[in-house]
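Some notes on the structure that comes next.
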Amino acid sequence: MKRTEAQQVGDIINGFLKQENLDSKFDEQRALMLWGEIVGPGINRYTVRRYVKGGVLHITLSSAPLRAEMMLTRSALVRRINEVIGRDVISDIVFH
(Lines give C-alpha, C1' and ligand atoms only; values in the text may rest on other atoms or scores of the structure.)
Protein backbone atom coordinates (compact mmCIF):
# COMPACT_ATOMS: atom_id res chain seq x y z
CA MET A 1 0.00 0.00 0.00
CA LYS A 2 1.39 3.37 -1.02
CA ARG A 3 1.19 6.29 1.39
CA THR A 4 -0.12 9.53 0.03
CA GLU A 5 0.32 13.05 1.26
CA ALA A 6 -1.79 13.90 4.30
CA GLN A 7 -4.83 16.12 3.74
CA GLN A 8 -6.88 18.14 6.15
CA VAL A 9 -10.36 16.82 6.88
CA GLY A 10 -11.96 20.10 5.74
CA ASP A 11 -10.25 19.83 2.35
CA ILE A 12 -11.48 16.26 1.95
CA ILE A 13 -15.06 17.26 2.80
CA ASN A 14 -14.96 20.26 0.44
CA GLY A 15 -13.62 18.05 -2.34
CA PHE A 16 -16.40 15.53 -1.80
CA LEU A 17 -19.09 18.23 -1.78
CA LYS A 18 -17.76 19.69 -5.01
CA GLN A 19 -17.46 16.26 -6.63
CA GLU A 20 -21.08 15.43 -5.78
CA ASN A 21 -22.33 18.93 -6.78
CA LEU A 22 -23.48 19.58 -3.23
CA ASP A 23 -21.29 22.61 -2.57
CA SER A 24 -23.91 25.12 -3.76
CA LYS A 25 -26.62 23.52 -1.57
CA PHE A 26 -24.22 23.59 1.37
CA ASP A 27 -23.51 27.28 0.76
CA GLU A 28 -27.24 28.02 0.51
CA GLN A 29 -27.72 26.46 3.95
CA ARG A 30 -24.83 28.56 5.26
CA ALA A 31 -26.62 31.67 3.93
CA LEU A 32 -29.73 30.70 5.91
CA MET A 33 -27.69 30.23 9.05
CA LEU A 34 -25.89 33.56 8.55
CA TRP A 35 -29.12 35.56 8.18
CA GLY A 36 -29.50 36.26 11.91
CA GLU A 37 -25.85 37.20 12.28
CA ILE A 38 -25.90 39.57 9.30
CA VAL A 39 -29.14 41.42 10.10
CA GLY A 40 -28.73 41.30 13.87
CA PRO A 41 -31.09 40.18 16.64
CA GLY A 42 -33.48 43.13 16.26
CA ILE A 43 -34.49 42.19 12.73
CA ASN A 44 -34.01 38.47 13.19
CA ARG A 45 -36.71 38.33 15.87
CA TYR A 46 -39.28 39.33 13.21
CA THR A 47 -38.09 36.61 10.82
CA VAL A 48 -40.75 33.94 10.72
CA ARG A 49 -39.49 31.73 7.88
CA ARG A 50 -36.51 31.59 5.53
CA TYR A 51 -35.53 29.32 2.67
CA VAL A 52 -33.49 29.36 -0.55
CA LYS A 53 -34.93 28.32 -3.90
CA GLY A 54 -32.96 28.66 -7.11
CA GLY A 55 -30.38 30.98 -5.56
CA VAL A 56 -33.08 33.34 -4.26
CA LEU A 57 -33.32 33.83 -0.50
CA HIS A 58 -36.96 34.03 0.63
CA ILE A 59 -37.57 35.74 3.96
CA THR A 60 -40.95 35.96 5.68
CA LEU A 61 -41.17 38.83 8.15
CA SER A 62 -43.96 39.39 10.67
CA SER A 63 -43.72 43.18 10.43
CA ALA A 64 -45.01 44.96 7.30
CA PRO A 65 -43.09 48.22 7.98
CA LEU A 66 -39.87 46.26 8.49
CA ARG A 67 -40.55 44.31 5.28
CA ALA A 68 -40.87 47.58 3.34
CA GLU A 69 -37.64 48.90 4.87
CA MET A 70 -35.75 45.68 4.14
CA MET A 71 -36.79 45.85 0.48
CA LEU A 72 -34.68 49.01 0.20
CA THR A 73 -31.55 47.30 1.51
CA ARG A 74 -31.82 43.92 -0.19
CA SER A 75 -29.01 44.46 -2.72
CA ALA A 76 -26.63 45.37 0.11
CA LEU A 77 -27.77 42.28 2.03
CA VAL A 78 -27.14 40.06 -1.00
CA ARG A 79 -23.63 41.50 -1.32
CA ARG A 80 -22.94 41.03 2.39
CA ILE A 81 -24.16 37.42 2.46
CA ASN A 82 -22.10 36.50 -0.60
CA GLU A 83 -19.10 38.30 0.84
CA VAL A 84 -19.26 36.33 4.09
CA ILE A 85 -19.70 33.02 2.24
CA GLY A 86 -16.89 33.84 -0.16
CA ARG A 87 -18.70 33.30 -3.46
CA ASP A 88 -21.92 34.29 -5.21
CA VAL A 89 -24.57 31.97 -3.81
CA ILE A 90 -27.56 34.30 -3.39
CA SER A 91 -28.71 36.27 -6.42
CA ASP A 92 -31.68 38.06 -4.84
CA ILE A 93 -33.80 38.31 -1.71
CA VAL A 94 -37.60 38.24 -1.73
CA PHE A 95 -39.42 39.44 1.38
CA HIS A 96 -42.84 38.04 2.18
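Labels used: A, B, ... for chains in the order of the C-alpha coordinates, numbers from 1 for residues in each chain, and numbers from 1 for ligands as shown.
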
Within 8 Å of Arg30 of chain A using only C-alpha atoms, minus same-chain residues under 4 positions, as a PDB file with N, CA and C atoms, in the first residue's frame:
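Output file out06.pdb is given in full below:
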```
ATOM      1  N   PHE A  26     -24.852  23.361   0.078  1.00  0.00           N
ATOM      2  CA  PHE A  26     -24.221  23.589   1.374  1.00  0.00           C
ATOM      3  C   PHE A  26     -24.087  25.088   1.633  1.00  0.00           C
ATOM      4  N   LEU A  34     -26.530  32.262   8.354  1.00  0.00           N
ATOM      5  CA  LEU A  34     -25.891  33.562   8.553  1.00  0.00           C
ATOM      6  C   LEU A  34     -26.889  34.715   8.629  1.00  0.00           C
ATOM      7  N   ILE A  85     -19.842  34.392   2.713  1.00  0.00           N
ATOM      8  CA  ILE A  85     -19.701  33.018   2.245  1.00  0.00           C
ATOM      9  C   ILE A  85     -18.446  32.860   1.386  1.00  0.00           C
TER      10      ILE A  85
END
```

Self-check item: Those of chain A in DSSP strand (DSSP E), formatted as an MDAnalysis selection string
Solution: chainID A and resid 47:53 56:61 92:95

Self-check item: Residue contacts of Ile81 of chain A (8 Å, only C-alpha atoms) excluding same-chain residues fewer than 6 positions away, as a ChimeraX atom specification
Solution: /A:31,34-35,38,90

Practice problem: Report the residues of chain A whose backbone DSSP state falls under alpha helix (DSSP H), written as number ranges by chain. | Solution: A: 9-19, 23-39, 41-44, 64-72, 74-85

Quiz item: Which residues, written as JSON, numbers by chain, have at least one atom at most 9 Å from segment 56-64 of chain A, with only C-alpha atoms counted and residues fewer than 5 positions away on the same chain left out?
Solution: {"A": [28, 31, 32, 43, 44, 45, 46, 47, 48, 49, 50, 51, 69, 78, 89, 90, 91, 92, 93, 94, 95, 96]}

Exercise. Would you mind reading off the distance between atom CA of Asp27 of chain A and atom CA of Asn14 of chain A, one decimal, in Å?
Key: 11.1 Å

Quiz item: What is the distance between atom CA of Val84 of chain A and atom CA of Val39 of chain A, in Å to one decimal?
Solution: 12.6 Å

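With only C-alpha atoms as the basis for measurement, A:Gln29 is the residue among A:Phe16, A:Gln7, A:Asn82, A:Gln29 that approaches Val52 of chain A most closely.
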
Quiz item: What gap, in Å, lies between atom CA of Lys25 of chain A and atom CA of Arg87 of chain A?
Solution: 12.7 Å
